[in-house]
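Student: What follows is the file model.pdb, containing PDB, C-alpha atoms:
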```pdb
ATOM      1  CA  MET W 181     -14.592   4.511  -7.963
ATOM      2  CA  LEU W 182     -11.889   6.385  -6.094
ATOM      3  CA  SER W 183     -10.186   7.482  -9.292
ATOM      4  CA  ARG W 184     -13.504   8.692 -10.655
ATOM      5  CA  SER W 185     -14.234  10.697  -7.512
ATOM      6  CA  LEU W 186     -10.721  12.170  -7.619
ATOM      7  CA  LEU W 187     -11.288  13.338 -11.170
ATOM      8  CA  VAL W 188     -14.550  14.941 -10.140
ATOM      9  CA  SER W 189     -13.001  16.527  -7.056
ATOM     10  CA  ARG W 190     -10.300  18.144  -9.198
ATOM     11  CA  GLN W 191     -12.968  19.770 -11.246
ATOM     12  CA  ILE W 192     -14.694  21.303  -8.229
ATOM     13  CA  VAL W 193     -12.237  24.193  -8.270
ATOM     14  CA  LYS W 194     -12.931  24.818 -11.926
ATOM     15  CA  SER W 195     -16.667  24.851 -11.385
ATOM     16  CA  ALA W 196     -16.307  27.081  -8.319
ATOM     17  CA  ASN W 197     -14.323  29.589 -10.374
ATOM     18  CA  ALA W 198     -16.875  29.358 -13.157
ATOM     19  CA  VAL W 199     -19.771  29.993 -10.761
ATOM     20  CA  GLN W 200     -18.009  33.045  -9.414
ATOM     21  CA  SER W 201     -17.493  34.388 -12.913
ATOM     22  CA  VAL W 202     -21.175  34.048 -13.822
ATOM     23  CA  ARG W 203     -23.101  37.134 -12.848
ATOM     24  CA  HIS W 204     -26.669  37.329 -11.671
ATOM     25  CA  GLY W 205     -27.418  33.633 -12.209
ATOM     26  CA  SER W 206     -27.334  33.749 -15.988
ATOM     27  CA  ALA W 207     -26.275  30.059 -16.226
ATOM     28  CA  SER W 208     -27.257  27.028 -14.179
ATOM     29  CA  LEU W 209     -24.724  24.780 -12.472
ATOM     30  CA  ARG W 210     -25.439  22.040 -15.023
ATOM     31  CA  GLU W 211     -24.709  24.374 -17.943
ATOM     32  CA  ILE W 212     -21.461  25.458 -16.310
ATOM     33  CA  ALA W 213     -20.434  21.822 -15.734
ATOM     34  CA  VAL W 214     -21.111  20.864 -19.346
ATOM     35  CA  LYS W 215     -19.283  23.944 -20.614
ATOM     36  CA  HIS W 216     -16.135  23.188 -18.611
ATOM     37  CA  HIS W 217     -16.312  19.383 -19.110
ATOM     38  CA  ASN W 218     -16.395  18.595 -15.394
ATOM     39  CA  ASP W 219     -19.512  16.468 -15.167
ATOM     40  CA  LEU W 220     -19.700  12.676 -14.958
ATOM     41  CA  ASP W 221     -20.605  12.427 -18.639
ATOM     42  CA  ALA W 222     -17.194  13.877 -19.593
ATOM     43  CA  LEU W 223     -15.240  11.166 -17.737
ATOM     44  CA  PRO W 224     -13.702   8.321 -19.750
ATOM     45  CA  ILE W 225     -15.729   5.128 -20.064
ATOM     46  CA  PRO W 226     -13.804   1.899 -19.427
ATOM     47  CA  HIS W 227     -13.776  -0.608 -22.269
ATOM     48  CA  GLY W 228     -13.250  -4.352 -22.181
ATOM     49  CA  CYS W 229     -13.793  -6.978 -19.541
ATOM     50  CA  TRP W 230     -12.803  -6.135 -15.991
ATOM     51  CA  LYS W 231     -11.605  -9.709 -15.417
ATOM     52  CA  THR W 232      -8.679  -9.405 -17.825
ATOM     53  CA  ASP W 233      -7.460  -6.232 -16.142
ATOM     54  CA  PHE W 234      -7.946  -7.787 -12.711
ATOM     55  CA  LYS W 235      -5.995 -10.929 -13.712
ATOM     56  CA  ALA W 236      -3.117  -8.859 -15.081
ATOM     57  CA  LYS W 237      -2.847  -6.768 -11.925
ATOM     58  CA  ASP W 238      -3.265  -9.810  -9.681
ATOM     59  CA  THR W 239      -0.480 -11.637 -11.502
ATOM     60  CA  LYS W 240       1.785  -8.624 -11.150
ATOM     61  CA  TYR W 241       1.082  -8.353  -7.421
ATOM     62  CA  ASN W 242       1.660 -12.082  -6.872
ATOM     63  CA  ILE W 243       5.010 -11.885  -8.666
ATOM     64  CA  ASN W 244       5.973  -8.937  -6.456
ATOM     65  CA  ILE W 245       5.063 -10.885  -3.321
ATOM     66  CA  ALA W 246       7.070 -13.912  -4.482
ATOM     67  CA  LEU W 247      10.118 -11.781  -5.294
ATOM     68  CA  LEU W 248       9.951 -10.038  -1.919
ATOM     69  CA  LEU W 249       9.735 -13.378  -0.114
ATOM     70  CA  VAL W 250      12.771 -14.686  -2.022
ATOM     71  CA  LEU W 251      14.653 -11.477  -1.242
ATOM     72  CA  ASN W 252      13.693 -11.747   2.431
ATOM     73  CA  PHE W 253      14.939 -15.345   2.753
ATOM     74  CA  ALA W 254      18.096 -14.540   0.772
ATOM     75  CA  THR W 255      18.860 -11.632   3.098
ATOM     76  CA  TYR W 256      18.255 -13.820   6.138
ATOM     77  CA  GLY W 257      20.551 -16.526   4.729
ATOM     78  CA  PHE W 258      23.254 -13.977   3.926
ATOM     79  CA  ILE W 259      23.129 -12.486   7.417
ATOM     80  CA  LYS W 260      23.213 -15.946   8.977
ATOM     81  CA  LYS W 261      26.221 -16.874   6.812
ATOM     82  CA  VAL W 262      28.161 -13.687   7.580
ATOM     83  CA  CYS W 263      27.255 -13.501  11.282
ATOM     84  CA  PRO W 264      26.416 -17.059  12.382
ATOM     85  CA  GLY W 265      25.742 -16.145  16.033
ATOM     86  CA  THR W 266      22.976 -13.635  15.372
ATOM     87  CA  ASP W 267      20.108 -15.975  16.245
ATOM     88  CA  ALA W 268      21.801 -17.574  19.287
ATOM     89  CA  ARG W 269      19.635 -15.578  21.705
ATOM     90  CA  ALA W 270      16.523 -17.514  20.727
ATOM     91  CA  ARG W 271      18.003 -20.887  21.702
ATOM     92  CA  PRO W 272      17.773 -22.213  25.244
ATOM     93  CA  THR W 273      20.956 -22.082  27.260
ATOM     94  CA  THR W 274      22.744 -25.416  27.455
ATOM     95  CA  PHE W 275      25.705 -26.067  29.703
ATOM     96  CA  LYS W 276      28.399 -28.682  29.054
ATOM     97  CA  VAL W 277      28.613 -29.175  32.785
ATOM     98  CA  ASP W 278      26.071 -28.527  35.485
ATOM     99  CA  PRO W 279      25.375 -24.843  35.949
ATOM    100  CA  PRO W 280      26.989 -23.252  38.977
ATOM    101  CA  ILE W 281      24.852 -23.192  42.073
ATOM    102  CA  PHE W 282      23.860 -19.726  43.063
ATOM    103  CA  ASN W 283      23.119 -19.592  46.731
ATOM    104  CA  THR W 284      21.945 -16.398  48.359
ATOM    105  CA  TYR W 285      22.232 -17.726  51.912
ATOM    106  CA  ASP W 286      25.481 -18.007  53.806
ATOM    107  CA  GLU W 287      25.879 -21.542  55.116
TER     108      GLU W 287
END
```
Show the structure stored in the file as structure tokens.
Tutor:
Amino acid sequence: MLSRSLLVSRQIVKSANAVQSVRHGSASLREIAVKHHNDLDALPIPHGCWKTDFKAKDTKYNINIALLLVLNFATYGFIKKVCPGTDARARPTTFKVDPPIFNTYDE
């Protein structure tokens, strides 16, 4: 529907120019539209079943999503291999010995 409305909206300029060129109302807007092929009847009519087109596009989009996921995990694995300490901030801090006692009061 959007592509159809875009085609019609492109033709608005043509029909506006045609209306300006007509003097004293010698032609109706419908006659001008038919003359310049900018009415809905001049648009192409789709042929075939919509399901086949939908399946083809859906398959293409699903393949794109799968490839992007593989690329994302491959990039993550590469970064983790090259810089192994990049995700260390997400782990909880563990000490090999007890952590030092921080005392704010003088005793």
Student: Hey, which of W:Thr239, W:Asn244, W:Ser185, W:Gln191 ends up closest to W:Ala213? Count only C-alpha atoms.
Tutor: W:Gln191
Student: Excluding W:Arg210 and residues on its chain fewer than 2 positions from it, collect all residues at most 12 Å away from it, counting all atoms listed in the file, and give them as a PDB file with C-alpha atoms, in the frame of the given file.
Tutor:
```
ATOM      1  CA  SER W 195     -16.667  24.851 -11.385  1.00  0.00           C
ATOM      2  CA  ALA W 198     -16.875  29.358 -13.157  1.00  0.00           C
ATOM      3  CA  VAL W 199     -19.771  29.993 -10.761  1.00  0.00           C
ATOM      4  CA  SER W 206     -27.334  33.749 -15.988  1.00  0.00           C
ATOM      5  CA  ALA W 207     -26.275  30.059 -16.226  1.00  0.00           C
ATOM      6  CA  SER W 208     -27.257  27.028 -14.179  1.00  0.00           C
ATOM      7  CA  ILE W 212     -21.461  25.458 -16.310  1.00  0.00           C
ATOM      8  CA  ALA W 213     -20.434  21.822 -15.734  1.00  0.00           C
ATOM      9  CA  VAL W 214     -21.111  20.864 -19.346  1.00  0.00           C
ATOM     10  CA  LYS W 215     -19.283  23.944 -20.614  1.00  0.00           C
ATOM     11  CA  HIS W 216     -16.135  23.188 -18.611  1.00  0.00           C
ATOM     12  CA  HIS W 217     -16.312  19.383 -19.110  1.00  0.00           C
ATOM     13  CA  ASN W 218     -16.395  18.595 -15.394  1.00  0.00           C
ATOM     14  CA  ASP W 219     -19.512  16.468 -15.167  1.00  0.00           C
ATOM     15  CA  LEU W 220     -19.700  12.676 -14.958  1.00  0.00           C
ATOM     16  CA  ASP W 221     -20.605  12.427 -18.639  1.00  0.00           C
TER      17      ASP W 221
END
```
Student: In Å to one decimal, how far is atom CA of W:Tyr241 from atom CA of W:Cys229?
Tutor: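 Going from atom CA of W:Cys229 over to atom CA of W:Tyr241, I get 19.2 Å.
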Student: Grab the atom CA of W:Lys260 to atom CA of W:Ile243 distance for me, in Å with one decimal place.
Tutor: 25.7 Å
Student: Atom CA of W:Asn242 and atom CA of W:Lys261, how far apart in Å?
Tutor: 28.5 Å
